[in-house]
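*Asks:* This is the structure I have questions about; it appears just below.
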Amino acid sequence: MSGGLLVAGTTSDAGKSVVTAGICRWLVRQGVKVAPFKAQNMSLNSFVTREGAEIGRAQAMQAQACRIEPTALMNPVLLKPGGERSSQVVLLGRPVGEMSARGFFGRTGESGGSGESGGSSPGNRLRGGRQEELLGTVLDCLAELRGTYDAVICEGAGSPAEINLRRTDIVNMGIARNARLPVLVVGDIDRGGVFASFFGTVALLSPQDQELVAGFLVNKFRGDVSLLEPGLDMLRGLTGRRTYGVLPFRHGLGIDEEDGMAVSLRGAVRESAVSAPVGEDVLRVAVCAVPLMSNFTDVDALAAEPGVVVRFVDRPEELADADLVVLPGTRGTVRALEWLRERGLADAVLRRVAEGRPVLGVCGGFQILGEHIEDEVESRAGEVAGLGVLPVRVRFAREKTLTRPVGEALGERVEGYEIHHGVADVTGGQTFICDDEGHSLDGCRVGQTWGTHWHGSLESDGFRRAFLREVAAAAGRRFVPAADTSFAALREQQLDRLGDLIEQHADTDALWRLIESGAPQGLPFIPPGAPA
């Protein structure tokens with residue numbers, strides 16, 4: 001086959017990412033050579049490809065669903081928020097500048113990006129950073145993927161009916177129109193109002209855009225589908241468009257979200273139930289939910305361990321019963337440090353350190369645990385005192401470190417990926433991650449406080465088990481890591497479950513025709529259409 005599809009949504013977090021991954025896994029199991037694509041992603045959860053390019057973690061997960069290596073082509077534009085009104089723009093895997101939302105989506109005469117976060121050659125393509133000027137780059141990437149793969153499954157962003165952004169849209173109907181992609185609209189029925197959302201999404205699009213909207217996919221349905229069918233029939237009568245499937249609600253499938261956690265700050269990670277422990281005790285992990293938290297997926301591997309309970313916390317009292325406290329990555333290290341101090345969490349962490357209770361800092365969290373931070377790049381705060389727990393001095397460089405290192409820690413092989421501007425000068429402590437000759441590669445350890453820049457290190461099964469044994473011993477818990485937990489295998493099982501959802505609950509014959517042949521001809525226009 002040769003074709004493509006755009007998976008759009010009625011809202012953010014409607015399930016576009018997981019539906020895209022499910023369709024990809026279903027197709028690859030049919031022998032189709034398939035790739036994912038998202039023209040523009042806004043996310044603080046990112047990943048580093050083999051060639052050292054930064055893309056959204058959702059696209060890396062979707063590439064895994066396709067059983068291929070992720071590349072920068074799959075997510076040419078990544079926006080990493082640095083606050084409510086500005087983001088770092090990552091183009092083809094490299095940061096090219098900081099930009100306000102008004103400047104990125106902006107109007108004629110508005111200023112472009114500052115270029116303060118590095119200025120490599122892709123910045124020339126940014127030409128001031130306007131979103132609409134990136135359309136050519138996005139289409140080139142998509143065309144290259146379509147020339148290489150049998151099918152490309154594209155994911156939209158937010159809703160295609162964001163009428164205030166349509167003129168500069170390069171990720172929803174803008175890409176669909178230019179690439180002539182059929183559009184499948186996903187709606188989360190668990191939120192309520194899915195019929196109105198489906199109808200309203202189509203009715204707010206121009207006639208040209210509506211021609212490409214083939215139909216709908218209901219996500220997260222609970223109950224008897226037969227009770228829903230009369231509504232689906234009425235929706236088809238109103239819009240002239242069919243529903244391609246009704247996917248049931250399933251726990252534990254919210255893998256690698258983009259825009260935020262699908263759980264409350266004090267909820268269990270990924271809504272997943274904690275398996276019974278192998279030993280006599282559970283192990284409690286508290287993750288400080290710092291502002292601009294990035295790559296919170298680092299703790300997924302901990303949550304996958306039987307008997308490990310992971311919670312996101314924002315009050316010092318919630319650290320009291322934790323066996324391990326994690327300071328995660330953040331897009332704003334200095335801001336996160338101030339937040340920890342304001343809330344009393346910094347003092348609570350320091351008390352833990354003095355008592356010899358385990359603390360782990362990852363990337364920005366590692367930097368926070370250091371003695372000194374010099375930042376003229378991210379926050380431009382200049383010199384700031386860290387918590388002073390680890391003998392580390394951090395200086396923010398304009399060039400971002402993007403690597404996929406391999407090393408050894410606690411006698412076990414460990415792999416990870418680095419995404420940071422901060423350069424750490426480690427002046428003491430014990431070696432944490434080293435090469436095969438024992439030379440330090442990253443991070444350090446003092447007592448039961450650990451720090452590293454490496455994201456994803458806990459996905460290395462042997463290292464994770466060794467680390468948890470250290471934590472359990474220091475915490476006085478009779479916790480035993482499971483000997484057979486494979487995070488990679490669990491991830492594969494999740495992706496297969498997504499593929500099963502599509503295969504079992506979508507009309508795959510109709511979906512196949514849609515991907516191969518495009519939107520049906522003669523779809524009716526639903527007034528009023530996009531405002532003039």
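By convention here, the chains of the structure tokens are called A, B, ... in the order presented, each chain's residues are numbered starting at 1, and ligands are numbered starting at 1 in the order presented.
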Check the DSSP output for the backbone and give back, as a ChimeraX atom specification, the residues of stretch 220-398 of chain A in strand (DSSP E or B).

*Replies:* /A:220-221,242-248,268,283-288,293-294,308-313,324-327,329-330,359-362,372-375,382-385,392-398

*Asks:* Please report as a tab-separated table every residue of stretch 270-383 of chain A lying within 9 Å of stretch 398-414 of chain A, along with the nearest atom pair and their distance in Å (one decimal), using only C-alpha atoms.

*Replies:*
```
residue	atom	partner	partner_atom	distance
A:Glu376	CA	A:Arg398	CA	8.7
A:Val377	CA	A:Arg398	CA	6.2
A:Glu378	CA	A:Arg398	CA	8.7
```

*Asks:* Taking only C-alpha atoms into account, which of A:Gly192, A:Val77, A:Leu238, A:Glu54 comes nearest A:Pro524?

*Replies:*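 Looking at the shortest contact to A:Pro524, the residue is A:Leu238.
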
*Asks:* Fewer than 6 positions away in the same chain doesn't count, so skip those; otherwise give me all residues within 6 Å of A:Arg25, counting only C-alpha atoms, as JSON, numbers by chain.

*Replies:* {"A": [65, 66, 499]}

*Asks:* For the selection you just gave me, I'd like the residues written to a file as an mmCIF file, in the first residue's frame, keeping C-alpha atoms.

*Replies:*
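Okay, this is what ended up in out35.cif:
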```
data_model
loop_
_atom_site.group_PDB
_atom_site.id
_atom_site.type_symbol
_atom_site.label_atom_id
_atom_site.label_comp_id
_atom_site.auth_asym_id
_atom_site.auth_seq_id
_atom_site.Cartn_x
_atom_site.Cartn_y
_atom_site.Cartn_z
ATOM 1 C CA ALA A 65 5.294 0.878 17.654
ATOM 2 C CA CYS A 66 6.451 0.816 14.013
ATOM 3 C CA GLY A 499 -2.548 -2.519 18.339
#
```

*Asks:* Just the helix (DSSP H, G or I) stuff from stretch 8-82 of chain A, please, per backbone DSSP, written as a list of chain:residue names.

*Replies:*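 These are the residues in question: A:Lys16, A:Ser17, A:Val18, A:Val19, A:Thr20, A:Ala21, A:Gly22, A:Ile23, A:Cys24, A:Arg25, A:Trp26, A:Leu27, A:Val28, A:Arg29, A:Arg57, A:Ala58, A:Gln59, A:Ala60, A:Met61, A:Gln62, A:Ala63, A:Gln64, A:Ala65, A:Ala72, A:Leu73, A:Met74.
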
*Asks:* Those same residues - N, CA, C and O atoms - I'd like them written as a tab-separated table (two decimals), in the first residue's frame.

*Replies:*
```tsv
chain	number	residue	atom	x	y	z
A	16	LYS	N	-4.93	11.14	20.78
A	16	LYS	CA	-4.31	11.10	19.46
A	16	LYS	C	-3.01	10.29	19.45
A	16	LYS	O	-2.76	9.50	18.54
A	17	SER	N	-2.17	10.50	20.47
A	17	SER	CA	-0.86	9.85	20.48
A	17	SER	C	-0.99	8.33	20.57
A	17	SER	O	-0.30	7.60	19.84
A	18	VAL	N	-1.85	7.86	21.46
A	18	VAL	CA	-1.97	6.41	21.63
A	18	VAL	C	-2.73	5.78	20.46
A	18	VAL	O	-2.42	4.65	20.06
A	19	VAL	N	-3.71	6.49	19.89
A	19	VAL	CA	-4.40	5.97	18.71
A	19	VAL	C	-3.43	5.87	17.54
A	19	VAL	O	-3.41	4.86	16.81
A	20	THR	N	-2.61	6.89	17.36
A	20	THR	CA	-1.60	6.85	16.29
A	20	THR	C	-0.66	5.67	16.49
A	20	THR	O	-0.36	4.92	15.55
A	21	ALA	N	-0.21	5.48	17.73
A	21	ALA	CA	0.67	4.34	18.02
A	21	ALA	C	-0.05	3.02	17.77
A	21	ALA	O	0.55	2.07	17.24
A	22	GLY	N	-1.31	2.94	18.15
A	22	GLY	CA	-2.07	1.71	17.93
A	22	GLY	C	-2.24	1.39	16.46
A	22	GLY	O	-2.12	0.22	16.05
A	23	ILE	N	-2.54	2.41	15.66
A	23	ILE	CA	-2.67	2.18	14.21
A	23	ILE	C	-1.33	1.74	13.62
A	23	ILE	O	-1.26	0.84	12.78
A	24	CYS	N	-0.25	2.38	14.09
A	24	CYS	CA	1.09	2.00	13.61
A	24	CYS	C	1.39	0.54	13.94
A	24	CYS	O	1.89	-0.21	13.10
A	25	ARG	N	1.12	0.13	15.19
A	25	ARG	CA	1.41	-1.26	15.58
A	25	ARG	C	0.52	-2.24	14.80
A	25	ARG	O	0.97	-3.31	14.39
A	26	TRP	N	-0.75	-1.90	14.61
A	26	TRP	CA	-1.64	-2.75	13.81
A	26	TRP	C	-1.11	-2.91	12.39
A	26	TRP	O	-1.05	-4.02	11.85
A	27	LEU	N	-0.69	-1.82	11.78
A	27	LEU	CA	-0.20	-1.88	10.40
A	27	LEU	C	1.08	-2.70	10.29
A	27	LEU	O	1.23	-3.51	9.37
A	28	VAL	N	2.02	-2.49	11.21
A	28	VAL	CA	3.29	-3.20	11.09
A	28	VAL	C	3.07	-4.70	11.30
A	28	VAL	O	3.79	-5.52	10.70
A	29	ARG	N	2.07	-5.07	12.07
A	29	ARG	CA	1.76	-6.49	12.23
A	29	ARG	C	1.13	-7.07	10.98
A	29	ARG	O	1.11	-8.29	10.81
A	57	ARG	N	8.90	12.67	22.89
A	57	ARG	CA	8.92	11.26	23.29
A	57	ARG	C	7.76	10.50	22.68
A	57	ARG	O	7.86	9.29	22.43
A	58	ALA	N	6.64	11.15	22.44
A	58	ALA	CA	5.50	10.46	21.84
A	58	ALA	C	5.86	9.91	20.47
A	58	ALA	O	5.46	8.81	20.09
A	59	GLN	N	6.63	10.69	19.68
A	59	GLN	CA	7.02	10.21	18.36
A	59	GLN	C	8.05	9.09	18.46
A	59	GLN	O	8.06	8.16	17.65
A	60	ALA	N	8.92	9.14	19.48
A	60	ALA	CA	9.84	8.03	19.70
A	60	ALA	C	9.07	6.76	20.06
A	60	ALA	O	9.40	5.66	19.60
A	61	MET	N	8.04	6.91	20.89
A	61	MET	CA	7.20	5.77	21.25
A	61	MET	C	6.47	5.23	20.02
A	61	MET	O	6.37	4.01	19.82
A	62	GLN	N	5.96	6.12	19.18
A	62	GLN	CA	5.27	5.68	17.97
A	62	GLN	C	6.22	4.99	17.00
A	62	GLN	O	5.83	4.02	16.33
A	63	ALA	N	7.47	5.47	16.93
A	63	ALA	CA	8.46	4.79	16.10
A	63	ALA	C	8.70	3.37	16.62
A	63	ALA	O	8.85	2.43	15.83
A	64	GLN	N	8.73	3.21	17.94
A	64	GLN	CA	8.87	1.87	18.50
A	64	GLN	C	7.67	1.02	18.12
A	64	GLN	O	7.82	-0.18	17.85
A	65	ALA	N	6.48	1.62	18.10
A	65	ALA	CA	5.29	0.88	17.65
A	65	ALA	C	5.45	0.40	16.21
A	65	ALA	O	4.94	-0.66	15.84
A	72	ALA	N	14.70	12.68	13.31
A	72	ALA	CA	14.20	14.05	13.39
A	72	ALA	C	13.10	14.32	12.37
A	72	ALA	O	12.27	15.21	12.57
A	73	LEU	N	13.06	13.56	11.27
A	73	LEU	CA	12.01	13.75	10.27
A	73	LEU	C	10.62	13.53	10.84
A	73	LEU	O	9.65	14.10	10.36
A	74	MET	N	10.54	12.71	11.88
A	74	MET	CA	9.24	12.35	12.43
A	74	MET	C	8.63	13.44	13.30
A	74	MET	O	7.43	13.40	13.60
```
